[in-house]
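Engineer: What follows is the file target-v7.cif, containing mmCIF, C-alpha atoms:
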data_protein
loop_
_atom_site.label_atom_id
_atom_site.label_comp_id
_atom_site.auth_asym_id
_atom_site.auth_seq_id
_atom_site.Cartn_x
_atom_site.Cartn_y
_atom_site.Cartn_z
CA MET K 11 104.83 1.44 29.20
CA ASN K 12 106.44 4.73 28.16
CA ALA K 13 104.90 7.53 26.10
CA ARG K 14 106.62 6.66 22.81
CA LYS K 15 105.69 2.99 22.90
CA ALA K 16 102.10 3.84 23.85
CA ALA K 17 101.95 6.42 21.05
CA TYR K 18 103.20 3.89 18.49
CA LEU K 19 100.58 1.33 19.53
CA SER K 20 97.78 3.90 19.51
CA LEU K 21 98.78 5.35 16.13
CA MET K 22 98.85 1.88 14.61
CA ARG K 23 95.37 1.21 15.98
CA CYS K 24 94.13 4.50 14.53
CA GLU K 25 95.62 3.64 11.14
CA LYS K 26 94.57 0.00 10.94
CA ALA K 27 91.18 0.15 12.65
CA GLY K 28 90.21 3.70 11.77
CA LYS K 29 89.79 4.68 15.42
CA TYR K 30 89.27 8.35 16.23
CA ALA K 31 92.35 9.81 17.90
CA ASN K 32 90.52 11.38 20.84
CA LEU K 33 88.77 8.11 21.72
CA GLU K 34 91.96 6.10 21.31
CA ILE K 35 93.91 8.55 23.49
CA ASP K 36 91.35 8.40 26.29
CA ALA K 37 91.28 4.60 26.20
CA ALA K 38 95.07 4.28 26.09
CA ILE K 39 95.64 6.66 29.00
CA GLN K 40 93.36 4.54 31.16
CA LYS K 41 94.83 1.27 29.89
CA TYR K 42 98.50 2.17 30.35
CA ASP K 43 98.15 4.27 33.51
CA LEU K 44 100.68 6.82 32.26
CA GLU K 45 102.23 9.33 34.65
CA GLU K 46 101.37 13.00 34.09
CA ALA K 47 104.53 13.88 32.12
CA GLU K 48 104.34 10.70 30.04
CA LYS K 49 100.61 11.26 29.46
CA SER K 50 101.30 14.74 28.14
CA LEU K 51 104.03 13.54 25.76
CA PHE K 52 101.91 10.60 24.62
CA THR K 53 98.97 12.88 23.77
CA GLN K 54 101.23 15.34 21.97
CA LEU K 55 102.82 12.58 19.90
CA VAL K 56 99.57 10.97 18.80
CA TYR K 57 97.84 14.20 17.84
CA GLY K 58 101.02 15.66 16.36
CA VAL K 59 101.85 12.72 14.09
CA ILE K 60 98.28 12.60 12.75
CA GLU K 61 98.29 16.36 12.24
CA ARG K 62 101.66 16.41 10.45
CA GLN K 63 101.41 13.05 8.68
CA ILE K 64 101.48 14.44 5.13
CA THR K 65 104.51 16.60 5.97
CA LEU K 66 106.31 13.77 7.75
CA ASP K 67 105.78 11.33 4.89
CA TYR K 68 107.26 13.89 2.50
CA VAL K 69 110.33 14.25 4.74
CA ILE K 70 110.70 10.46 4.93
CA ARG K 71 110.88 10.32 1.11
CA LEU K 72 113.30 13.24 1.14
CA PHE K 73 115.79 11.59 3.51
CA ALA K 74 115.46 7.95 2.51
CA ALA K 75 118.42 6.77 0.41
CA ASN K 76 115.95 5.24 -2.01
CA PRO K 77 112.80 7.42 -2.02
CA ASN K 78 110.92 4.76 -4.00
CA ARG K 79 111.60 2.07 -1.42
CA LYS K 80 108.45 0.41 -0.11
CA ILE K 81 108.39 1.04 3.63
CA PRO K 82 106.31 -1.28 5.85
CA ASN K 83 103.59 0.49 7.82
CA GLU K 84 105.24 -0.31 11.16
CA ALA K 85 108.56 1.20 10.11
CA ARG K 86 106.87 4.24 8.58
CA MET K 87 104.99 4.92 11.83
CA ILE K 88 108.21 4.73 13.86
CA LEU K 89 109.84 7.15 11.41
CA ARG K 90 106.90 9.54 11.72
CA LEU K 91 107.23 9.49 15.49
CA GLY K 92 110.97 10.12 15.38
CA LEU K 93 110.75 12.87 12.79
CA TYR K 94 107.92 14.60 14.60
CA GLN K 95 110.12 14.85 17.69
CA LEU K 96 113.10 16.08 15.67
CA LEU K 97 111.20 18.68 13.68
CA TYR K 98 108.56 19.96 16.08
CA LEU K 99 109.45 19.22 19.73
CA ASP K 100 112.27 21.55 20.74
CA LYS K 101 112.54 20.20 24.28
CA ILE K 102 113.46 16.68 23.20
CA PRO K 103 117.20 16.21 22.45
CA ALA K 104 117.91 14.88 18.98
CA HIS K 105 119.85 11.89 20.30
CA ALA K 106 116.88 10.89 22.47
CA ALA K 107 114.46 11.06 19.53
CA VAL K 108 116.78 8.91 17.40
CA ASN K 109 117.73 6.37 20.05
CA GLU K 110 114.18 5.86 21.30
CA SER K 111 112.95 5.38 17.74
CA VAL K 112 115.59 2.71 17.12
CA LYS K 113 114.47 0.98 20.33
CA LEU K 114 110.90 0.99 19.02
CA ALA K 115 112.13 -0.56 15.78
CA LYS K 116 113.97 -3.32 17.64
CA THR K 117 110.77 -4.06 19.57
CA PHE K 118 108.20 -3.86 16.77
CA TYR K 119 110.09 -4.22 13.45
CA GLN K 120 113.66 -5.42 13.96
CA GLY K 121 114.50 -5.53 10.26
CA ALA K 122 114.04 -1.77 9.84
CA ALA K 123 116.20 -0.58 12.76
CA SER K 124 119.24 0.33 10.61
CA PHE K 125 117.12 2.05 7.99
CA ILE K 126 115.26 4.09 10.62
CA ASN K 127 118.52 5.04 12.30
CA ALA K 128 119.97 6.23 8.97
CA VAL K 129 116.95 8.32 7.98
CA LEU K 130 116.69 10.00 11.38
CA ARG K 131 120.40 10.77 11.61
CA ARG K 132 120.29 12.34 8.18
CA ALA K 133 117.30 14.41 9.34
CA VAL K 134 119.33 15.64 12.32
CA ARG K 135 122.08 16.80 9.98
CA GLU K 136 119.94 18.30 7.22
CA LYS K 137 116.61 19.36 8.75
CA GLN K 138 117.48 23.06 8.41
CA ASN K 139 117.64 22.61 4.63
CA ILE K 140 114.16 21.13 4.17
CA THR K 141 112.03 22.90 1.58
CA PHE K 142 108.49 21.93 0.66
CA PRO K 143 107.02 21.64 -2.82
CA ASP K 144 103.84 23.51 -1.88
CA LYS K 145 101.92 25.05 1.02
CA ALA K 146 99.66 22.02 1.41
CA THR K 147 102.62 19.74 2.14
CA GLU K 148 104.18 22.31 4.46
CA TYR K 149 101.02 22.55 6.56
CA GLY K 150 100.15 18.86 6.46
CA LEU K 151 96.98 19.26 4.39
CA PRO K 152 95.64 17.30 1.43
CA ALA K 153 96.27 19.28 -1.77
CA ALA K 154 92.57 19.18 -2.66
CA LEU K 155 91.56 20.77 0.66
CA TYR K 156 94.17 23.52 0.46
CA HIS K 157 93.19 24.23 -3.14
CA MET K 158 89.53 24.48 -2.10
CA TRP K 159 90.40 27.08 0.55
CA THR K 160 92.50 29.13 -1.87
CA LYS K 161 89.71 29.04 -4.43
CA GLN K 162 87.02 30.04 -1.92
CA TYR K 163 88.89 32.48 0.34
CA GLY K 164 92.03 33.53 -1.55
CA ASP K 165 95.71 32.63 -1.08
CA GLU K 166 96.36 34.82 1.95
CA THR K 167 93.34 33.67 3.94
CA ALA K 168 93.92 30.03 3.01
CA GLU K 169 97.45 30.17 4.42
CA LYS K 170 96.20 31.86 7.59
CA ILE K 171 93.60 29.11 8.01
CA ALA K 172 96.24 26.42 7.47
CA THR K 173 98.58 28.02 10.01
CA SER K 174 95.84 28.40 12.62
CA MET K 175 94.88 24.74 12.24
CA LEU K 176 98.34 23.77 13.54
CA ARG K 177 97.88 25.63 16.81
CA LYS K 178 97.64 23.74 20.08
CA PRO K 179 94.19 24.76 21.26
CA THR K 180 93.48 25.56 24.88
CA LEU K 181 90.09 25.22 26.50
CA THR K 182 87.30 27.76 26.53
CA LEU K 183 84.63 27.59 29.21
CA ARG K 184 81.07 28.82 29.17
CA THR K 185 80.05 30.19 32.55
CA ASN K 186 76.88 28.74 34.04
CA THR K 187 75.16 32.06 34.65
CA LEU K 188 72.42 30.28 36.59
CA LYS K 189 74.99 29.87 39.36
CA THR K 190 77.95 32.23 38.95
CA THR K 191 79.78 34.83 36.83
CA PRO K 192 82.79 34.80 34.48
CA GLU K 193 84.71 36.91 37.01
CA ALA K 194 84.16 34.34 39.74
CA ILE K 195 85.24 31.50 37.45
CA MET K 196 88.44 33.34 36.53
CA GLN K 197 89.35 33.69 40.21
CA GLU K 198 89.24 29.90 40.57
CA ILE K 199 91.40 29.07 37.56
CA GLU K 200 95.03 28.37 38.45
CA CYS K 201 96.46 29.51 35.12
CA ALA K 202 96.41 32.56 32.89
CA CYS K 203 92.94 33.21 31.49
CA MET K 204 90.78 35.95 30.02
CA GLN K 205 87.18 36.63 29.15
CA THR K 206 86.22 35.84 25.57
CA LYS K 207 86.27 38.76 23.12
CA ILE K 208 82.75 38.45 21.66
CA ALA K 209 80.74 35.90 23.62
CA PRO K 210 79.66 37.57 26.87
CA PHE K 211 80.01 34.65 29.28
CA GLY K 212 83.09 32.77 28.10
CA VAL K 213 86.44 32.30 29.81
CA LYS K 214 89.44 31.31 27.69
CA LEU K 215 92.40 29.50 29.24
CA LEU K 216 95.66 30.88 27.87
CA GLU K 217 97.71 27.80 28.67
CA ASN K 218 97.08 24.09 28.85
CA MET K 219 96.05 22.68 32.19
CA PRO K 220 94.45 19.39 33.26
CA VAL K 221 90.74 19.88 33.88
CA SER K 222 89.94 16.41 35.21
CA TYR K 223 89.60 17.76 38.71
CA PHE K 224 88.89 21.40 37.92
CA ALA K 225 86.43 22.30 40.69
CA PRO K 226 84.13 24.68 38.75
CA LEU K 227 83.55 21.98 36.12
CA GLU K 228 82.95 19.36 38.79
CA ASP K 229 80.50 21.66 40.56
CA GLY K 230 78.50 22.53 37.43
CA LEU K 231 79.61 26.16 37.44
CA CYS K 232 80.75 26.01 33.80
CA PHE K 233 81.22 23.63 30.91
CA VAL K 234 83.66 23.35 28.00
CA GLN K 235 82.45 25.21 24.90
CA ASP K 236 84.42 27.02 22.22
CA GLU K 237 83.71 30.71 21.82
CA ALA K 238 82.36 30.18 18.31
CA SER K 239 79.60 27.94 19.65
CA GLN K 240 78.94 30.48 22.39
CA ILE K 241 78.57 33.21 19.75
CA ALA K 242 75.97 31.09 17.95
CA VAL K 243 73.96 30.85 21.19
CA TRP K 244 74.36 34.57 21.84
CA ALA K 245 73.12 35.31 18.31
CA ALA K 246 69.85 33.53 19.09
CA GLN K 247 69.00 36.12 21.79
CA ALA K 248 66.97 33.60 23.78
CA LYS K 249 64.74 35.07 26.50
CA PRO K 250 62.95 33.60 29.56
CA GLY K 251 59.65 31.95 28.69
CA MET K 252 60.49 31.16 25.08
CA THR K 253 60.02 27.83 23.31
CA VAL K 254 63.22 26.70 21.57
CA ILE K 255 64.00 23.73 19.32
CA ASP K 256 67.63 22.61 19.07
CA ALA K 257 67.38 20.39 16.01
CA CYS K 258 70.77 18.59 16.09
CA ALA K 259 71.57 19.00 19.75
CA CYS K 260 74.10 16.40 20.88
CA PRO K 261 76.25 16.64 22.92
CA GLY K 262 74.15 19.54 24.22
CA GLY K 263 76.38 22.58 24.67
CA LYS K 264 74.17 24.96 22.71
CA SER K 265 71.04 23.72 24.50
CA PHE K 266 72.75 24.39 27.82
CA GLY K 267 73.74 27.91 26.79
CA LEU K 268 70.24 28.68 25.52
CA ALA K 269 68.74 27.46 28.82
CA MET K 270 71.09 29.73 30.76
CA ASP K 271 70.19 32.74 28.61
CA MET K 272 66.54 31.89 29.31
CA GLY K 273 67.16 31.86 33.05
CA ASN K 274 66.00 28.22 33.08
CA ARG K 275 62.47 29.42 32.32
CA GLY K 276 60.61 28.27 29.22
CA LYS K 277 61.02 25.11 27.14
CA ILE K 278 63.82 23.64 25.05
CA ILE K 279 63.32 20.58 22.88
CA SER K 280 66.76 19.07 22.27
CA MET K 281 66.58 16.45 19.58
CA ASP K 282 69.10 14.34 17.76
CA VAL K 283 69.02 11.48 15.29
CA HIS K 284 71.30 9.44 17.58
CA ALA K 285 69.05 8.31 20.43
CA ASN K 286 71.96 6.69 22.29
CA LYS K 287 73.63 10.11 22.68
CA LEU K 288 70.69 11.90 24.30
CA SER K 289 71.83 10.77 27.74
CA LEU K 290 74.79 13.15 27.33
CA ILE K 291 72.36 16.07 27.23
CA GLU K 292 70.30 14.75 30.13
CA GLN K 293 73.32 14.16 32.34
CA GLY K 294 74.86 17.52 31.41
CA ALA K 295 71.65 19.40 32.12
CA LYS K 296 71.34 17.76 35.52
CA ALA K 297 74.92 18.63 36.45
CA LEU K 298 74.35 22.26 35.45
CA GLY K 299 71.03 22.60 37.27
CA ILE K 300 68.96 22.96 34.08
CA SER K 301 65.38 21.67 34.19
CA ILE K 302 63.73 23.05 31.01
CA ILE K 303 65.35 20.71 28.47
CA GLU K 304 63.36 17.83 26.99
CA THR K 305 65.31 15.35 24.87
CA MET K 306 63.87 13.53 21.87
CA ALA K 307 65.20 11.17 19.22
CA ASN K 308 64.35 12.60 15.81
CA ASP K 309 65.71 12.84 12.28
CA SER K 310 65.56 16.59 11.73
CA ALA K 311 65.34 16.18 7.97
CA GLN K 312 61.90 14.57 8.46
CA TYR K 313 59.03 17.00 9.08
CA GLN K 314 56.98 16.59 12.28
CA PRO K 315 53.61 18.40 11.95
CA VAL K 316 53.16 18.53 15.73
CA TRP K 317 55.84 21.26 15.92
CA LYS K 318 54.46 23.45 13.12
CA GLU K 319 55.05 27.15 13.98
CA SER K 320 55.56 26.25 17.65
CA ALA K 321 59.01 27.71 18.40
CA ASP K 322 60.31 31.22 19.06
CA ILE K 323 63.80 30.03 18.12
CA VAL K 324 64.96 27.06 16.05
CA LEU K 325 68.67 26.25 15.97
CA CYS K 326 70.01 24.04 13.19
CA ASP K 327 73.61 23.14 14.04
CA VAL K 328 73.75 20.73 11.14
CA PRO K 329 76.06 17.76 10.46
CA CYS K 330 79.06 19.10 8.55
CA SER K 331 82.55 18.25 7.35
CA GLY K 332 84.19 19.72 10.48
CA LEU K 333 86.90 21.54 8.52
CA GLY K 334 86.85 24.37 11.07
CA ILE K 335 88.06 22.17 13.94
CA LEU K 336 91.13 20.49 12.45
CA ALA K 337 93.26 21.86 15.31
CA LYS K 338 91.18 19.85 17.79
CA LYS K 339 90.42 16.83 15.62
CA PRO K 340 93.37 16.31 13.26
CA ASP K 341 91.88 13.07 11.89
CA ILE K 342 89.43 15.18 9.88
CA ARG K 343 92.19 16.66 7.70
CA HIS K 344 92.65 13.28 6.02
CA LYS K 345 89.04 13.00 4.85
CA ASP K 346 88.47 12.59 1.13
CA LEU K 347 86.55 15.67 -0.04
CA SER K 348 84.36 13.45 -2.20
CA ALA K 349 83.01 11.92 1.02
CA ILE K 350 81.51 15.26 2.06
CA ALA K 351 79.98 16.21 -1.29
CA HIS K 352 76.51 15.06 -0.17
CA LEU K 353 76.43 17.30 2.90
CA PRO K 354 75.02 20.56 1.44
CA GLU K 355 71.88 18.76 0.29
CA LEU K 356 71.39 17.16 3.71
CA GLN K 357 72.05 20.48 5.44
CA TYR K 358 69.54 22.29 3.27
CA SER K 359 66.97 19.55 3.87
CA ILE K 360 67.33 19.97 7.65
CA LEU K 361 67.20 23.76 7.42
CA GLN K 362 64.11 24.01 5.25
CA THR K 363 62.32 21.30 7.27
CA CYS K 364 63.04 22.92 10.63
CA ALA K 365 62.09 26.35 9.28
CA ARG K 366 58.50 25.15 9.38
CA TYR K 367 58.68 25.02 13.18
CA VAL K 368 59.40 28.76 13.52
CA LYS K 369 56.59 31.05 14.68
CA PRO K 370 55.85 34.24 12.72
CA SER K 371 58.47 36.82 13.81
CA GLY K 372 60.53 33.95 15.23
CA THR K 373 64.26 33.27 14.72
CA LEU K 374 66.00 30.55 12.73
CA LEU K 375 69.73 29.94 13.08
CA TYR K 376 71.90 27.90 10.74
CA THR K 377 75.37 26.94 12.01
CA THR K 378 78.29 24.69 11.09
CA CYS K 379 81.79 24.10 12.42
CA THR K 380 83.31 24.01 8.95
CA LEU K 381 85.07 26.31 6.51
CA ASN K 382 83.54 25.42 3.17
CA GLN K 383 81.35 27.85 1.27
CA LYS K 384 79.32 25.05 -0.29
CA GLU K 385 78.15 24.02 3.20
CA ASN K 386 77.92 27.57 4.52
CA GLU K 387 77.20 30.61 2.36
CA GLU K 388 75.70 28.62 -0.50
CA VAL K 389 73.21 26.79 1.74
CA ALA K 390 72.20 30.05 3.43
CA ALA K 391 71.79 31.83 0.08
CA ARG K 392 69.72 28.98 -1.35
CA PHE K 393 67.46 29.08 1.70
CA LEU K 394 66.75 32.78 1.32
CA GLN K 395 66.11 32.36 -2.40
CA GLU K 396 63.71 29.45 -1.99
CA GLN K 397 62.03 30.44 1.29
CA PRO K 398 60.55 33.94 0.79
CA ALA K 399 58.83 33.80 4.20
CA PHE K 400 62.24 34.40 5.80
CA GLU K 401 64.55 37.41 5.80
CA PRO K 402 68.20 37.81 6.91
CA VAL K 403 68.90 39.39 10.31
CA PRO K 404 72.26 41.14 10.97
CA PHE K 405 73.74 40.14 14.33
CA LEU K 406 77.55 40.57 14.17
CA TYR K 407 79.79 42.84 12.09
CA GLU K 408 76.53 44.22 10.62
CA SER K 409 76.09 40.93 8.79
CA SER K 410 73.43 38.21 8.88
CA ALA K 411 75.88 35.50 7.75
CA VAL K 412 79.26 35.40 9.48
CA THR K 413 82.28 33.18 8.98
CA LEU K 414 84.44 32.99 12.10
CA PHE K 415 88.01 32.29 11.06
CA PRO K 416 90.25 30.73 13.73
CA PHE K 417 93.08 33.20 13.10
CA GLU K 418 90.88 36.22 13.88
CA ASN K 419 89.67 35.64 17.44
CA ASP K 420 91.22 32.26 18.29
CA THR K 421 87.95 30.38 17.86
CA ASP K 422 86.99 27.29 15.94
CA GLY K 423 86.30 27.85 12.26
CA PHE K 424 82.55 28.40 12.24
CA PHE K 425 79.63 29.72 10.20
CA ILE K 426 76.47 31.35 11.55
CA ALA K 427 73.48 32.62 9.56
CA LYS K 428 70.46 34.22 11.21
CA PHE K 429 66.99 34.50 9.70
CA ARG K 430 63.64 35.85 10.86
CA LYS K 431 60.26 34.53 9.78
CA LYS K 432 58.17 37.39 8.50
CA SER K 433 55.04 38.15 10.52
CA CYS K 434 52.77 38.00 7.48
#
Go through the file and emit its structure as structure tokens.

Structural biologist:
Amino acid sequence: MNARKAAYLSLMRCEKAGKYANLEIDAAIQKYDLEEAEKSLFTQLVYGVIERQITLDYVIRLFAANPNRKIPNEARMILRLGLYQLLYLDKIPAHAAVNESVKLAKTFYQGAASFINAVLRRAVREKQNITFPDKATEYGLPAALYHMWTKQYGDETAEKIATSMLRKPTLTLRTNTLKTTPEAIMQEIECACMQTKIAPFGVKLLENMPVSYFAPLEDGLCFVQDEASQIAVWAAQAKPGMTVIDACACPGGKSFGLAMDMGNRGKIISMDVHANKLSLIEQGAKALGISIIETMANDSAQYQPVWKESADIVLCDVPCSGLGILAKKPDIRHKDLSAIAHLPELQYSILQTCARYVKPSGTLLYTTCTLNQKENEEVAARFLQEQPAFEPVPFLYESSAVTLFPFENDTDGFFIAKFRKKSC
């Protein structure tokens, strides 16, 4: 099994069965036992075709002799794979991209081999002349999503967001300060790296490297966490001895960071509506040497009187549309915006419910990994308007509500709002 054939099979499974790309990639790598170079190409092809699908389908129509021709799904997927290599992978010779795509056609859809060959050869000749009808098509985004960003953030920022979502993200690590330091972690990394710009304990890898056998991860000296999430933890200013509620905790990264800031002294209740995922937090805490986390299955939109005014810090990292992490999860870019319209009401319900667990003078944090003002600024503003017991607390850039754009500090797109419960 080579990378292109494996990529075709995985992409068809993602399209037909709606499988998430990251889960499909992990399963396929194990199933096909790909060598390191083939594994890398396979991963790049699957993520890349999903990321650029809208752009690739436009180019297919552009170079097909009959743009209105109905193309079978199998043939279209082979064309996407071939065009992605021709347009975006400089290290692959054009003849190899064309010939390997024709081979795929002869294996999976014999009747389309000539058509695929013709479209790809035309692309080789004319790819320098491609122009796009709009920015959304150029950046592989649904028109409705790009329009939403231009409306909310302006044309210039929208294009910067779209560009940053095409980057190939590298890993960021959060140092386990119960055991080591960022400086010590950096000495163990066998690639270029740097400390994160804002979060105090992060280490950013500046190039891709396999982390399957990365010793500091294996030894519980760090864990993978984007700097934006680390900033949210830092904003909480957790201290030893505090009681903390992490309301939507899985897979646990923020709970881990809070426990480290607390010196593993105090109490953290990490709850999540998905009981079957709580083992991820328990296993992660054990690997990191954290003993103060208690896990609990709970729907955070439902009030639990037992926790009334019990916590020094409550963190609400609410379910969201995920529009800030398209670079890591390209599947999300193809969501219908109507499917996320219900989220602000759910998010507000969780926030105002969990606010009741905050002690007087305690801290409440509201975070998302999305770029959508309806889920971010509007929820935070509604909370302050309807909950007079709380006041905004500046924590970064002299602001109490901060949008982290990926093009600014190479983080996920993220939103953080910090509130304090008044003492009387």

Engineer: Please measure the separation of CA of Tyr98 in chain K and CA of Phe73 in chain K, giving the value in Å to one decimal.

Structural biologist: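 Value for the CA of Tyr98 in chain K-CA of Phe73 in chain K distance: 16.7 Å.
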
Engineer: Expressed in Å to a single decimal, how great is the separation between CA of Leu188 in chain K and CA of Ile426 in chain K?

Structural biologist: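 It comes out at 25.4 Å.
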
Engineer: Determine the residue membership of the PyMOL selection byres ((chain K and resi 209-218) around 8) for the file above and supply it as an mmCIF file with C-alpha atoms, keeping the file's coordinate frame.

Structural biologist:
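Wrote result-v9.cif, looks like this:
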data_model
loop_
_atom_site.group_PDB
_atom_site.id
_atom_site.type_symbol
_atom_site.label_atom_id
_atom_site.label_comp_id
_atom_site.auth_asym_id
_atom_site.auth_seq_id
_atom_site.Cartn_x
_atom_site.Cartn_y
_atom_site.Cartn_z
ATOM 1 C CA THR K 180 93.480 25.560 24.880
ATOM 2 C CA LEU K 181 90.090 25.220 26.500
ATOM 3 C CA THR K 182 87.300 27.760 26.530
ATOM 4 C CA LEU K 183 84.630 27.590 29.210
ATOM 5 C CA ARG K 184 81.070 28.820 29.170
ATOM 6 C CA THR K 185 80.050 30.190 32.550
ATOM 7 C CA THR K 187 75.160 32.060 34.650
ATOM 8 C CA THR K 191 79.780 34.830 36.830
ATOM 9 C CA PRO K 192 82.790 34.800 34.480
ATOM 10 C CA ILE K 195 85.240 31.500 37.450
ATOM 11 C CA MET K 196 88.440 33.340 36.530
ATOM 12 C CA CYS K 201 96.460 29.510 35.120
ATOM 13 C CA ALA K 202 96.410 32.560 32.890
ATOM 14 C CA CYS K 203 92.940 33.210 31.490
ATOM 15 C CA MET K 204 90.780 35.950 30.020
ATOM 16 C CA GLN K 205 87.180 36.630 29.150
ATOM 17 C CA THR K 206 86.220 35.840 25.570
ATOM 18 C CA LYS K 207 86.270 38.760 23.120
ATOM 19 C CA ILE K 208 82.750 38.450 21.660
ATOM 20 C CA MET K 219 96.050 22.680 32.190
ATOM 21 C CA PRO K 220 94.450 19.390 33.260
ATOM 22 C CA GLU K 237 83.710 30.710 21.820
ATOM 23 C CA ALA K 238 82.360 30.180 18.310
ATOM 24 C CA GLN K 240 78.940 30.480 22.390
ATOM 25 C CA ILE K 241 78.570 33.210 19.750
ATOM 26 C CA TRP K 244 74.360 34.570 21.840
#

Engineer: Translate the PyMOL selection byres ((chain K and resi 353) around 9), as applied to the file shown, into an explicit residue set as a list in words.

Structural biologist: Pro329, Cys330, Ser331, Ala349, Ile350, Ala351, His352, Pro354, Glu355, Leu356, Gln357, Tyr358, Lys384 and Glu385 of chain K

Engineer: Quick one, how far is CA of Leu33 in chain K from CA of Tyr94 in chain K?

Structural biologist: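 Taking CA of Leu33 in chain K and CA of Tyr94 in chain K, their separation equals 21.4 Å.
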
Engineer: Could you expand the PyMOL selection byres ((chain K and resi 231) around 7) into the explicit residues it covers here, written as a list of chain:residue names?

Structural biologist: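 Those residues are K:Thr185, K:Asn186, K:Lys189, K:Thr190, K:Pro226, K:Leu227, K:Asp229, K:Gly230, K:Cys232, K:Leu298.
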
Engineer: Can you report as lines of an AutoDock Vina configuration file the centre and edge lengths in Å, to one decimal, of an axis-aligned box around the listed atoms of range 97-116 of chain K padded with 5 Å on each side?

Structural biologist:
center_x = 114.2
center_y = 9.1
center_z = 19.0
size_x = 21.3
size_y = 34.9
size_z = 20.6

Engineer: Closest to Glu136 in chain K among K:Ala194, K:Leu72, K:Met175, K:Val112, using only C-alpha atoms?

Structural biologist: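 Nearest to Glu136 in chain K: K:Leu72.
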
Engineer: Considering only C-alpha atoms, can you say which of K:Lys428, K:His344, K:Gln395, K:Ala104 comes closest to Ala154 in chain K?

Structural biologist: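 Checking each candidate against Ala154 in chain K, we get K:His344 as the closest.
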
Engineer: List the neighbours of Arg430 in chain K out to 7 Å using all atoms listed in the file; skip same-chain residues closer than 3 positions along the sequence, and give me the result as a ChimeraX atom specification.

Structural biologist: /K:371-374,400-403

Engineer: Could you give me, as a list in words, the residues that sit within 9 Å of (71.5, 23.0, 28.5) in the file's coordinates, counting only C-alpha atoms?

Structural biologist: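 The distance filter leaves exactly Gly262, Gly263, Lys264, Ser265, Phe266, Gly267, Leu268, Ala269, Met270, Asn274, Ile278, Ser280, Ile291, Glu292, Gly294, Ala295, Lys296, Leu298, Gly299, Ile300, Ser301, Ile302 and Ile303 of chain K.
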
Engineer: Using only C-alpha atoms, which residue out of K:Ile360, K:Val56, K:Ala122, K:Val389 lies closest to Phe425 in chain K?

Structural biologist: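 Checking each of K:Ile360, K:Val56, K:Ala122, K:Val389 against Phe425 in chain K, counting only C-alpha atoms, the winner is K:Val389.
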